[in-house]
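Here is the structure we will look at.
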Protein chains: 2
Amino acid sequence: MPRLERREEILKVAGRLFSKKGYHGTTIRDISDACGILSGSLYTHIKTKEDLLYEITDRGAECFLRSIRSIMESDISATEKLRQAVRAHMRVIEANLEAATVFFQEWKSLSEKRFARIQAKRDQYETMWKEILEQGIRQGEFRDTDEKFARLLLLAVGNWVYQWYRPEGDLSAEEIADRFVDLLLEGLKKRT
Amino acid sequence: MPRLERREEILKVAGRLFSKKGYHGTTIRDISDACGILSGSLYTHIKTKEDLLYEITDRGAECFLRSIRSIMESDISATEKLRQAVRAHMRVIEANLEAATVFFQEWKSLSEKRFARIQAKRDQYETMWKEILEQGIRQGEFRDTDEKFARLLLLAVGNWVYQWYRPEGDLSAEEIADRFVDLLLEGLKKRT
DNA sequence: TTCTGTCAAACAAGCGCTTGCTCGTATAAA
DNA sequence: TTTATACGAGCAAGCGCTTGTTTGACAGAA
């Protein structure tokens with residue numbers, strides 16, 4: 001199999017196995033078996049096992065960042081930004097469920113240096129959510145509540161989705177996003 | 001060291017290491033080193049490495065279940081049940097942060113049979129939240145929204161807490177719980 | 001009190017196997 | 001003929017766990 005094609009296959013297979021059995025729970029032989037080659041042959045395409053984890057994780061981080069950047073730059077209300085950002089987040093998870101799972105729960109197995117590099121991208125992403133919330137509070141669309149807790153609530157929902165979301169379900173990523181945004185904005189309490 | 005005392009130490013040490021490096025990322029020698037004994041000596045106190053994971057996970061599950069049971073049986077409004085249940089949940093995490101971390105992210109490494117046993121307890125716990133929400137909707141305290149999404153939101157917050165909560169922070173478990181409940185009930189949107 | 005038998009706790013060594021990874025060779029497409 | 005891809009064999013280290021032995025505290029008999 002040609003170089004690039006095989007490499008992509010390996011990344012995909014590794015993503016699937018890492019997401020299912022964890023990084024430490026997956027062996028080089030698990031990955032090579034699933035690719036239909038011998039374990040030694042993997043090393044024609046990769047340098048180390050950790051490189052695989054890093055590349056999967058970093059691609060995931062980039063996906064999330066890219067998906068929300070254009071929304072941040074657009075000139076719309078905070079409420080609309082929030083809705084679009086949650087939709088974008090859900091779409092990334094929908095399109096890369098396995099990579100997202102690795103991104104959310106296996107990135108801690110990275111070496112210190114690489115861990116820090118991913119951490120920085122996570123911080124960037126979180127900052128964008130923070131800005132949406134601050135804009136909303138400043139402009140009077142959102143209640144003057146503690147921004148940090150709203151952000152934690154938002155991130156909790158976003159970062160937990162991969163645990164239960166299954167593409168074969170009957171709601172699209174957008175529909176799920178909209179329901180969460182509605183619930184978050186309007187609250188659970190009945191108004192009289 | 002006497003039997004019971006040593007055993008508890010091993011469980012505690014294992015919990016700490018599992019939560020930090022993951023189950024597969026922690027070796028029997030890591031655990032025995034941290035206890036100040038040789039790896040073979042561990043087996044005076046445990047049968048297998050997986051037994052450790054199971055005991056930690058199961059104790060965690062029992063903590064969560066116990067903490068919420070009496071609340072479920074009491075005769076109070078759904079809103080009050082919700083607040084007390086979230087508080088109880090936060091208190092369990094505060095008091096058992098490492099065990100809770102293992103419970104939330106390492107239980108997947110259990111053998112099929114034990115995994116199923118923990119899964120059943122998780123389902124029980126989730127059902128109690130469902131009942132609180134259904135009661136609130138039925139009695140008109142909560143909006144007639146999709147119960148499932150409200151539950152997912154609630155679980156997301158509860159299950160994500162261990163990722164950021166640090167006991168040295170300046171808010172108590174109760175204060176954190178109350179802020180989340182307020183945000184969840186009242187919503188983010190400003191009322192006019 | 002002193003001696004002796006018992007037993008839990010830990011040691012020291014190492015077993016069989018798996019791990020991530022290397023390297024010289026074969027093969028087939030360009 | 002060159003070059004990229006995969007094979008086949010295997011290395012050194014580490015894995016979970018077992019085994020035979022030592023240690024030290026405490027019991028009851030002398």
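Within each chain, counting starts at residue 1; across the structure tokens, chains are named A, B, ... in the order shown, with ligands numbered 1 upward in that order.
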
Original post:
chain A residues within 12 Å of chain C, counting only C-alpha atoms (C1' of nucleotides): which ones, as JSON, numbers by chain?
Top reply: {"A": [1, 2, 24, 25, 26, 27, 28, 29, 30, 39, 40, 41, 42, 43, 44, 46, 47, 48, 49, 50]}

For the selection you just gave me, I'd like the residues written to a file as a short mmCIF file (atom, residue, chain, number, x, y, z; two decimals), in the first residue's frame, keeping N, CA and C atoms.
```cif
data_model
loop_
_atom_site.label_atom_id
_atom_site.label_comp_id
_atom_site.auth_asym_id
_atom_site.auth_seq_id
_atom_site.Cartn_x
_atom_site.Cartn_y
_atom_site.Cartn_z
N MET A 1 0.85 -1.21 0.00
CA MET A 1 0.00 0.00 0.00
C MET A 1 0.88 1.26 0.00
N PRO A 2 0.50 2.27 -0.79
CA PRO A 2 1.33 3.49 -0.87
C PRO A 2 1.43 4.21 0.46
N HIS A 24 -2.46 2.86 26.75
CA HIS A 24 -1.62 1.83 27.37
C HIS A 24 -2.21 0.44 27.18
N GLY A 25 -3.49 0.37 26.99
CA GLY A 25 -4.14 -0.92 26.81
C GLY A 25 -4.07 -1.44 25.38
N THR A 26 -3.57 -0.62 24.49
CA THR A 26 -3.42 -1.02 23.08
C THR A 26 -1.95 -1.28 22.78
N THR A 27 -1.66 -2.41 22.14
CA THR A 27 -0.27 -2.72 21.81
C THR A 27 0.00 -2.45 20.33
N ILE A 28 1.28 -2.29 20.05
CA ILE A 28 1.72 -2.12 18.66
C ILE A 28 1.22 -3.28 17.80
N ARG A 29 1.19 -4.46 18.40
CA ARG A 29 0.73 -5.63 17.64
C ARG A 29 -0.78 -5.58 17.40
N ASP A 30 -1.53 -5.04 18.34
CA ASP A 30 -2.98 -4.84 18.11
C ASP A 30 -3.17 -3.99 16.85
N SER A 39 4.10 -6.39 13.07
CA SER A 39 4.36 -5.26 13.96
C SER A 39 5.59 -4.47 13.52
N GLY A 40 6.62 -5.18 13.06
CA GLY A 40 7.82 -4.48 12.62
C GLY A 40 7.56 -3.55 11.45
N SER A 41 6.64 -3.95 10.60
CA SER A 41 6.36 -3.18 9.38
C SER A 41 5.74 -1.81 9.70
N LEU A 42 5.11 -1.72 10.86
CA LEU A 42 4.55 -0.44 11.27
C LEU A 42 5.61 0.64 11.24
N TYR A 43 6.84 0.24 11.60
CA TYR A 43 7.89 1.23 11.80
C TYR A 43 8.47 1.75 10.49
N THR A 44 7.96 1.25 9.38
CA THR A 44 8.23 1.91 8.10
C THR A 44 7.49 3.25 8.05
N ILE A 46 5.85 4.87 11.07
CA ILE A 46 5.87 5.71 12.27
C ILE A 46 7.22 5.57 12.96
N LYS A 47 7.51 6.55 13.80
CA LYS A 47 8.76 6.47 14.58
C LYS A 47 8.51 5.77 15.91
N THR A 48 7.49 6.24 16.65
CA THR A 48 7.18 5.62 17.94
C THR A 48 5.66 5.52 18.11
N LYS A 49 5.28 4.70 19.07
CA LYS A 49 3.86 4.55 19.38
C LYS A 49 3.29 5.89 19.85
N GLU A 50 4.07 6.61 20.62
CA GLU A 50 3.56 7.87 21.14
C GLU A 50 3.30 8.88 20.03
#
```

Contact check, chain D to chain A, at most 10 Å, counting only C-alpha atoms (C1' of nucleotides), closest pairs as a Markdown table:
```
| residue | atom | partner | partner_atom | distance |
| --- | --- | --- | --- | --- |
| D:DA4 | C1' | A:Arg3 | CA | 8.2 |
| D:DT5 | C1' | A:Met1 | CA | 7.3 |
| D:DA6 | C1' | A:Ser41 | CA | 5.8 |
| D:DC7 | C1' | A:Leu38 | CA | 7.5 |
| D:DG8 | C1' | A:Gly40 | CA | 9.2 |
```

Selection to disk with C-alpha atoms (C1' of nucleotides), as a PDB file, in the first residue's frame:
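The result, stored in result_27.pdb:
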```pdb
ATOM      1  C1'  DA D   4       9.575   2.000  -1.371  1.00  0.00           C
ATOM      2  C1'  DT D   5       7.064  -1.399   1.294  1.00  0.00           C
ATOM      3  C1'  DA D   6       6.687  -5.343   3.995  1.00  0.00           C
ATOM      4  C1'  DC D   7       8.621  -9.585   5.984  1.00  0.00           C
ATOM      5  C1'  DG D   8      10.853 -12.540   9.493  1.00  0.00           C
TER       6       DG D   8
END
```

Subject >> Residue among B:Lys21, B:Lys121, B:Arg7, B:Lys12 lying closest to chain A, counting only C-alpha atoms >> reply: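 Comparing B:Lys21, B:Lys121, B:Arg7, B:Lys12 against chain A, the winner is B:Lys21.
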
**OP:** Could the residues of chain B within 10 Å of chain A, counting only C-alpha atoms, be given as JSON, numbers by chain, please?
**Re:** {"B": [20, 21, 22, 23, 24, 25, 26, 79, 105, 106, 108, 109, 133, 136, 137, 140, 141, 142, 143, 144, 145, 146, 147, 149, 150, 152, 153, 154, 155, 156, 157, 158, 159, 160, 161, 163, 164, 176, 179, 180, 181, 182, 183, 184, 185, 186, 187, 188, 189, 190, 191, 192]}

Original post:
Looking only at the backbone, which of the residues in stretch 24-140 of chain A does DSSP tag as helix (DSSP H, G or I), as number ranges by chain?
Top reply: A: 28-35, 39-42, 49-73, 78-95, 97-105, 107-109, 112-138

Original post:
What does the distance from atom CA of B:Phe104 to atom CA of B:Arg166 come to in Å, to one decimal?
Top reply: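 Separation between atom CA of B:Phe104 and atom CA of B:Arg166: 16.0 Å.
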
Original post:
Which distance in Å separates atom CA of A:Thr101 and atom CA of A:Ala61, to one decimal?
Top reply: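 Rounded to one decimal, the two atoms are 11.5 Å apart.
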